[in-house]
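What follows is a single structure, written as C-alpha cells, with notes after it.
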Amino acid sequence: MEDKLIIAGIEFKSRLWIGTGKYKDFEETLRVVEASGADVVTVAVRRVNITDPNKENLLEYIDPKKYKILPNTAGCFTAEDAIRTARLARAAGISDMVKLEVIGDPKTLFPDNEALLEATRVLVKEGFIVLPYTNDDPIMARKLEDAGAAAVMPLGAPIGSGLGICNPYNIRIIIETISVPVVVDAGVGTASDAAIAMELGADAVLMNTGIAGAKDPVMMARAMNHAVQAGRLAFKAGRIPKKLYASASSPLEGLIQ
Amino acid sequence: MKIVVNGEDKNVKHGILLSVLIGELGISCARVAVERNRKIVPPEAYDTTTLHEGDQLEIVSFVGGG
C-alpha cells in the first residue's frame, strides 16, 4: 500500500524535509539534498546583494523543477514583517507555500504565537499554503488548523539546539488532536531524534542544523533519510506496548530435562 | 534623482523604468521579487513602472535557510 504525504493537494515523495542554511557552499548543499532523498527544501528570503549581483544563486544548484521550494519567513519578529516576506516570496514565482515563522525572542527563537496566528489568518485569506512553525502546544496547533493552516509544524526543541524531541507527549497529542498533517520542525540532533518524531506519528520531519552542523553532513543526510523511513515504518507497523517484566521469546515447552 | 535600493542610496536617471534599473544593477529578473514603497510590483509591471524621487525599493531573492 502506498504511503503518500499530501498537503493542500500537493503530493510529497519524501517525509524528510531539509533546510539549506549553514552549508559551506552550494555544491555541498546539493550533495546533502541528494543524499537526504528530500523533495522539499526550505529557503530564506533576503535582499539581493546589489554591489555584487553576479554572486551565484542557490536555485542554480537546487532546481525548483525537481524540488519543492518552501520559502520561510525566518528572521521576522512581527506578523507584519512575516506577511511582507511571504508576499515577496510568492512574488518570486516559485511557490505558494510558506513556512511561516514569527519569532518572539532572539535567544530561544521560540515563536510568537499570537502574531503567528494573526499572520496565518491573513496569508490563508490571500490564498497562501501556510505551514506555520509553532511551539509544541496542542491548543495552539488546533487554533492554527482552525485558521486554515495546511499543516502544522511544531518544534521538537529550539532551532539549532539538537536537543531532540523534548516533549514527545505533546507532539503525540498534537498529532491526535488535529487533522491536518504535522511536520516536526527543529531540534533534531541525530538520526534517533528523527526516528522518534516519526514513530510518534509525525507526517514528516524538517531539519537543517542537525545535518549542516554534523562533521560529515552528507553522511548525516543519509542517516536522516534512513531514520525517517525507519521511524515511519515502525509507526505504521505498530510498536509493542511497554511492560515492566520479561516475556520469553523462545517457547517454554520442550526444554531438556 | 535619488532613490533607495535595498537600504542603499542610489542616484538614477529621472523617470527611469524599474526594468531598466534592474538591468543596470546587473540583476537577473528570474526568481527575484520587488517591492516598491512597500507594495509588490509584479514582474509583468517592471516594464511599465516609472520610478520617482525618493522611491524605496526592496529587491529580494532566495538564499540558504532553514
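By order in the C-alpha cells, chains are A, B, ...; within a chain, residues start at 1; ligands start at 1, following the order shown.
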- Contacts of Tyr46 of chain B at 12 Å (only C-alpha atoms; same-chain gap of 4+ positions) as JSON, numbers by chain: {"B": [16, 17, 18, 19, 20, 21, 22, 23, 29, 32, 33, 34, 35, 36, 40, 41, 42, 50, 51]}
Store the residues picked out above, limited to N, CA, C and O atoms, as a short mmCIF file (atom, residue, chain, number, x, y, z; two decimals), in the first residue's frame.
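Output saved as part-v9.cif:
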data_model
loop_
_atom_site.label_atom_id
_atom_site.label_comp_id
_atom_site.auth_asym_id
_atom_site.auth_seq_id
_atom_site.Cartn_x
_atom_site.Cartn_y
_atom_site.Cartn_z
N ILE B 16 13.32 56.83 -14.54
CA ILE B 16 13.83 55.53 -15.02
C ILE B 16 12.77 54.42 -14.81
O ILE B 16 12.01 54.45 -13.83
N LEU B 17 12.73 53.50 -15.75
CA LEU B 17 11.82 52.36 -15.60
C LEU B 17 12.45 51.34 -14.64
O LEU B 17 13.67 51.16 -14.64
N LEU B 18 11.60 50.65 -13.91
CA LEU B 18 12.09 49.64 -12.97
C LEU B 18 12.91 48.57 -13.70
O LEU B 18 13.97 48.17 -13.24
N SER B 19 12.42 48.15 -14.86
CA SER B 19 13.13 47.11 -15.61
C SER B 19 14.53 47.57 -16.01
O SER B 19 15.49 46.79 -15.99
N VAL B 20 14.66 48.86 -16.36
CA VAL B 20 15.96 49.40 -16.75
C VAL B 20 16.90 49.43 -15.54
O VAL B 20 18.07 49.04 -15.63
N LEU B 21 16.36 49.86 -14.42
CA LEU B 21 17.18 49.89 -13.20
C LEU B 21 17.69 48.48 -12.85
O LEU B 21 18.87 48.29 -12.55
N ILE B 22 16.78 47.51 -12.91
CA ILE B 22 17.16 46.13 -12.57
C ILE B 22 18.29 45.68 -13.52
O ILE B 22 19.28 45.09 -13.08
N GLY B 23 18.14 46.01 -14.79
CA GLY B 23 19.17 45.68 -15.78
C GLY B 23 20.50 46.36 -15.46
O GLY B 23 21.56 45.73 -15.49
N CYS B 29 16.27 39.02 -13.67
CA CYS B 29 14.88 39.16 -13.20
C CYS B 29 14.28 37.84 -12.71
O CYS B 29 13.29 37.82 -12.01
N VAL B 32 13.59 36.81 -8.66
CA VAL B 32 13.68 37.90 -7.69
C VAL B 32 12.26 38.44 -7.50
O VAL B 32 11.36 38.16 -8.29
N ALA B 33 12.09 39.17 -6.42
CA ALA B 33 10.81 39.84 -6.20
C ALA B 33 11.12 41.28 -5.82
O ALA B 33 12.16 41.56 -5.21
N VAL B 34 10.22 42.18 -6.21
CA VAL B 34 10.47 43.60 -5.98
C VAL B 34 9.29 44.22 -5.24
O VAL B 34 8.13 43.98 -5.56
N GLU B 35 9.65 45.02 -4.25
CA GLU B 35 8.66 45.78 -3.51
C GLU B 35 9.02 47.25 -3.69
O GLU B 35 10.18 47.63 -3.55
N ARG B 36 8.04 48.05 -4.06
CA ARG B 36 8.28 49.49 -4.20
C ARG B 36 7.39 50.22 -3.21
O ARG B 36 6.16 50.07 -3.27
N ILE B 40 4.18 45.22 -3.54
CA ILE B 40 4.81 44.30 -4.50
C ILE B 40 4.59 44.81 -5.92
O ILE B 40 3.48 45.22 -6.28
N VAL B 41 5.64 44.76 -6.71
CA VAL B 41 5.49 45.05 -8.15
C VAL B 41 5.56 43.70 -8.87
O VAL B 41 6.59 43.02 -8.82
N PRO B 42 4.49 43.29 -9.54
CA PRO B 42 4.56 42.01 -10.25
C PRO B 42 5.51 42.10 -11.44
O PRO B 42 5.66 43.18 -12.03
N THR B 50 7.42 53.38 -13.69
CA THR B 50 8.35 54.50 -13.68
C THR B 50 8.68 54.85 -12.23
O THR B 50 7.78 54.96 -11.40
N LEU B 51 9.96 54.97 -11.96
CA LEU B 51 10.35 55.26 -10.58
C LEU B 51 10.35 56.77 -10.33
O LEU B 51 10.56 57.57 -11.24
#
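Every residue of chain A that lies within 7 Å of chain B is listed here, counting only C-alpha atoms: Gly19, Thr20, Gly21, Thr42, Val43, Ala44, Val45, Arg46, Arg47, Val48, Ile50, Pro53, Leu58, Leu88, Ala91, Ala92, Gly93 and Asn208 of chain A.
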Please produce a file of the residues just selected, as a tab-separated table (two decimals), in the first residue's frame, where the atoms kept are N, CA and C atoms.
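Saved result, selection.tsv, follows:
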chain	number	residue	atom	x	y	z
A	19	GLY	N	16.47	21.99	5.40
A	19	GLY	CA	16.83	23.39	5.20
A	19	GLY	C	18.14	23.49	4.45
A	20	THR	N	18.39	24.67	3.89
A	20	THR	CA	19.58	24.85	3.06
A	20	THR	C	20.57	25.84	3.66
A	21	GLY	N	20.40	26.15	4.94
A	21	GLY	CA	21.28	27.12	5.59
A	21	GLY	C	22.53	26.46	6.16
A	42	THR	N	13.80	24.07	2.27
A	42	THR	CA	13.42	25.42	2.68
A	42	THR	C	14.50	26.42	2.28
A	43	VAL	N	14.06	27.62	2.03
A	43	VAL	CA	14.98	28.72	1.68
A	43	VAL	C	14.52	29.97	2.42
A	44	ALA	N	15.42	30.92	2.53
A	44	ALA	CA	15.09	32.19	3.17
A	44	ALA	C	15.00	33.28	2.10
A	45	VAL	N	14.32	34.35	2.43
A	45	VAL	CA	14.16	35.50	1.52
A	45	VAL	C	15.05	36.63	2.02
A	46	ARG	N	15.98	37.05	1.19
A	46	ARG	CA	16.88	38.13	1.62
A	46	ARG	C	17.14	39.10	0.48
A	47	ARG	N	17.60	40.30	0.82
A	47	ARG	CA	17.93	41.30	-0.18
A	47	ARG	C	19.00	40.78	-1.14
A	48	VAL	N	18.81	41.08	-2.42
A	48	VAL	CA	19.84	40.79	-3.41
A	48	VAL	C	21.03	41.71	-3.10
A	50	ILE	N	23.31	44.13	-4.09
A	50	ILE	CA	23.38	44.96	-5.30
A	50	ILE	C	24.79	45.41	-5.62
A	53	PRO	N	25.93	41.65	-7.74
A	53	PRO	CA	24.73	40.93	-8.17
A	53	PRO	C	25.03	39.63	-8.90
A	58	LEU	N	21.44	30.19	-5.11
A	58	LEU	CA	21.17	28.83	-4.61
A	58	LEU	C	20.32	28.02	-5.60
A	88	LEU	N	6.52	38.65	-0.72
A	88	LEU	CA	7.69	38.76	-1.62
A	88	LEU	C	8.09	37.39	-2.14
A	91	ALA	N	5.84	36.35	-4.78
A	91	ALA	CA	6.01	37.17	-5.99
A	91	ALA	C	7.20	36.70	-6.83
A	92	ALA	N	8.14	35.99	-6.19
A	92	ALA	CA	9.29	35.47	-6.95
A	92	ALA	C	8.87	34.32	-7.87
A	93	GLY	N	7.62	33.87	-7.69
A	93	GLY	CA	7.03	32.98	-8.69
A	93	GLY	C	7.42	31.52	-8.61
A	208	ASN	N	17.60	21.25	9.70
A	208	ASN	CA	18.68	21.92	8.99
A	208	ASN	C	20.00	21.71	9.72
- Task: Could you find all residues in segment 38-256 of chain A that DSSP calls helix (DSSP H, G or I) from the backbone, and write them as a PyMOL selection string?
- Result: chain A and resi 58-60+79-91+113-125+138-146+168-177+191-199+209-212+217-237
Okay, now the selection with C-alpha atoms, as an mmCIF file, in the first residue's frame?
data_model
loop_
_atom_site.group_PDB
_atom_site.id
_atom_site.type_symbol
_atom_site.label_atom_id
_atom_site.label_comp_id
_atom_site.auth_asym_id
_atom_site.auth_seq_id
_atom_site.Cartn_x
_atom_site.Cartn_y
_atom_site.Cartn_z
ATOM 1 C CA LEU A 58 21.165 28.832 -4.610
ATOM 2 C CA LEU A 59 18.415 27.967 -7.091
ATOM 3 C CA GLU A 60 21.001 27.456 -9.822
ATOM 4 C CA ALA A 79 3.250 39.459 11.885
ATOM 5 C CA GLU A 80 3.614 42.414 9.526
ATOM 6 C CA ASP A 81 7.198 41.532 8.557
ATOM 7 C CA ALA A 82 6.336 37.869 8.136
ATOM 8 C CA ILE A 83 3.367 38.707 5.906
ATOM 9 C CA ARG A 84 5.507 41.084 3.855
ATOM 10 C CA THR A 85 8.237 38.456 3.453
ATOM 11 C CA ALA A 86 5.711 35.784 2.459
ATOM 12 C CA ARG A 87 4.232 38.073 -0.181
ATOM 13 C CA LEU A 88 7.686 38.763 -1.618
ATOM 14 C CA ALA A 89 8.477 35.041 -1.636
ATOM 15 C CA ARG A 90 5.327 34.303 -3.585
ATOM 16 C CA ALA A 91 6.014 37.173 -5.991
ATOM 17 C CA ASN A 113 2.039 32.503 18.935
ATOM 18 C CA GLU A 114 -0.285 35.459 18.903
ATOM 19 C CA ALA A 115 1.459 37.051 15.935
ATOM 20 C CA LEU A 116 1.805 33.675 14.214
ATOM 21 C CA LEU A 117 -1.935 33.107 14.383
ATOM 22 C CA GLU A 118 -2.633 36.590 13.083
ATOM 23 C CA ALA A 119 -0.207 36.169 10.156
ATOM 24 C CA THR A 120 -1.645 32.721 9.379
ATOM 25 C CA ARG A 121 -5.168 34.163 9.100
ATOM 26 C CA VAL A 122 -4.042 36.956 6.766
ATOM 27 C CA LEU A 123 -1.993 34.724 4.468
ATOM 28 C CA VAL A 124 -4.614 31.965 4.283
ATOM 29 C CA LYS A 125 -7.115 34.599 3.171
ATOM 30 C CA PRO A 138 -1.669 21.261 21.171
ATOM 31 C CA ILE A 139 -4.066 24.157 21.742
ATOM 32 C CA MET A 140 -2.041 26.431 19.503
ATOM 33 C CA ALA A 141 -1.850 23.697 16.871
ATOM 34 C CA ARG A 142 -5.634 23.442 16.899
ATOM 35 C CA LYS A 143 -6.026 27.198 16.572
ATOM 36 C CA LEU A 144 -3.657 27.227 13.601
ATOM 37 C CA GLU A 145 -5.611 24.435 11.965
ATOM 38 C CA ASP A 146 -8.846 26.358 12.550
ATOM 39 C CA PRO A 168 7.115 13.653 22.844
ATOM 40 C CA TYR A 169 3.798 13.551 24.701
ATOM 41 C CA ASN A 170 2.763 16.964 23.430
ATOM 42 C CA ILE A 171 3.812 16.071 19.889
ATOM 43 C CA ARG A 172 1.668 12.955 20.148
ATOM 44 C CA ILE A 173 -1.285 14.908 21.496
ATOM 45 C CA ILE A 174 -0.928 17.397 18.628
ATOM 46 C CA ILE A 175 -0.932 14.533 16.127
ATOM 47 C CA GLU A 176 -4.010 13.012 17.747
ATOM 48 C CA THR A 177 -5.835 16.329 18.085
ATOM 49 C CA ALA A 191 19.128 10.128 13.500
ATOM 50 C CA SER A 192 17.315 8.642 16.514
ATOM 51 C CA ASP A 193 15.597 12.001 17.139
ATOM 52 C CA ALA A 194 14.159 11.932 13.644
ATOM 53 C CA ALA A 195 13.061 8.326 14.092
ATOM 54 C CA ILE A 196 11.346 9.197 17.389
ATOM 55 C CA ALA A 197 9.408 12.021 15.736
ATOM 56 C CA MET A 198 8.229 9.675 13.006
ATOM 57 C CA GLU A 199 7.432 6.851 15.479
ATOM 58 C CA THR A 209 21.374 22.246 11.650
ATOM 59 C CA GLY A 210 21.226 18.549 12.589
ATOM 60 C CA ILE A 211 22.620 17.822 9.128
ATOM 61 C CA ALA A 212 24.514 21.020 8.302
ATOM 62 C CA PRO A 217 26.847 16.494 6.545
ATOM 63 C CA VAL A 218 26.398 14.232 3.519
ATOM 64 C CA MET A 219 26.691 11.099 5.650
ATOM 65 C CA MET A 220 24.311 12.573 8.239
ATOM 66 C CA ALA A 221 21.826 13.345 5.452
ATOM 67 C CA ARG A 222 21.870 9.670 4.507
ATOM 68 C CA ALA A 223 21.431 8.708 8.166
ATOM 69 C CA MET A 224 18.418 11.023 8.463
ATOM 70 C CA ASN A 225 16.937 9.612 5.285
ATOM 71 C CA HIS A 226 17.091 6.100 6.763
ATOM 72 C CA ALA A 227 15.902 7.265 10.195
ATOM 73 C CA VAL A 228 12.808 8.978 8.839
ATOM 74 C CA GLN A 229 11.918 5.950 6.754
ATOM 75 C CA ALA A 230 12.578 3.566 9.657
ATOM 76 C CA GLY A 231 10.536 5.700 12.045
ATOM 77 C CA ARG A 232 7.640 5.882 9.625
ATOM 78 C CA LEU A 233 7.643 2.119 9.060
ATOM 79 C CA ALA A 234 7.802 1.466 12.806
ATOM 80 C CA PHE A 235 4.851 3.795 13.351
ATOM 81 C CA LYS A 236 2.831 2.088 10.647
ATOM 82 C CA ALA A 237 3.849 -1.371 11.877
#
- Within chain B, find each residue whose DSSP state, derived from the backbone, is strand (DSSP E or B), and express the selection as a ChimeraX atom specification. /B:2-5,8-11,17,33-36,39-41,50,56-64
- Have a look at atom CA of Val182 of chain A and atom CA of Asp112 of chain A and let me know their distance in Å, one decimal. 18.8 Å
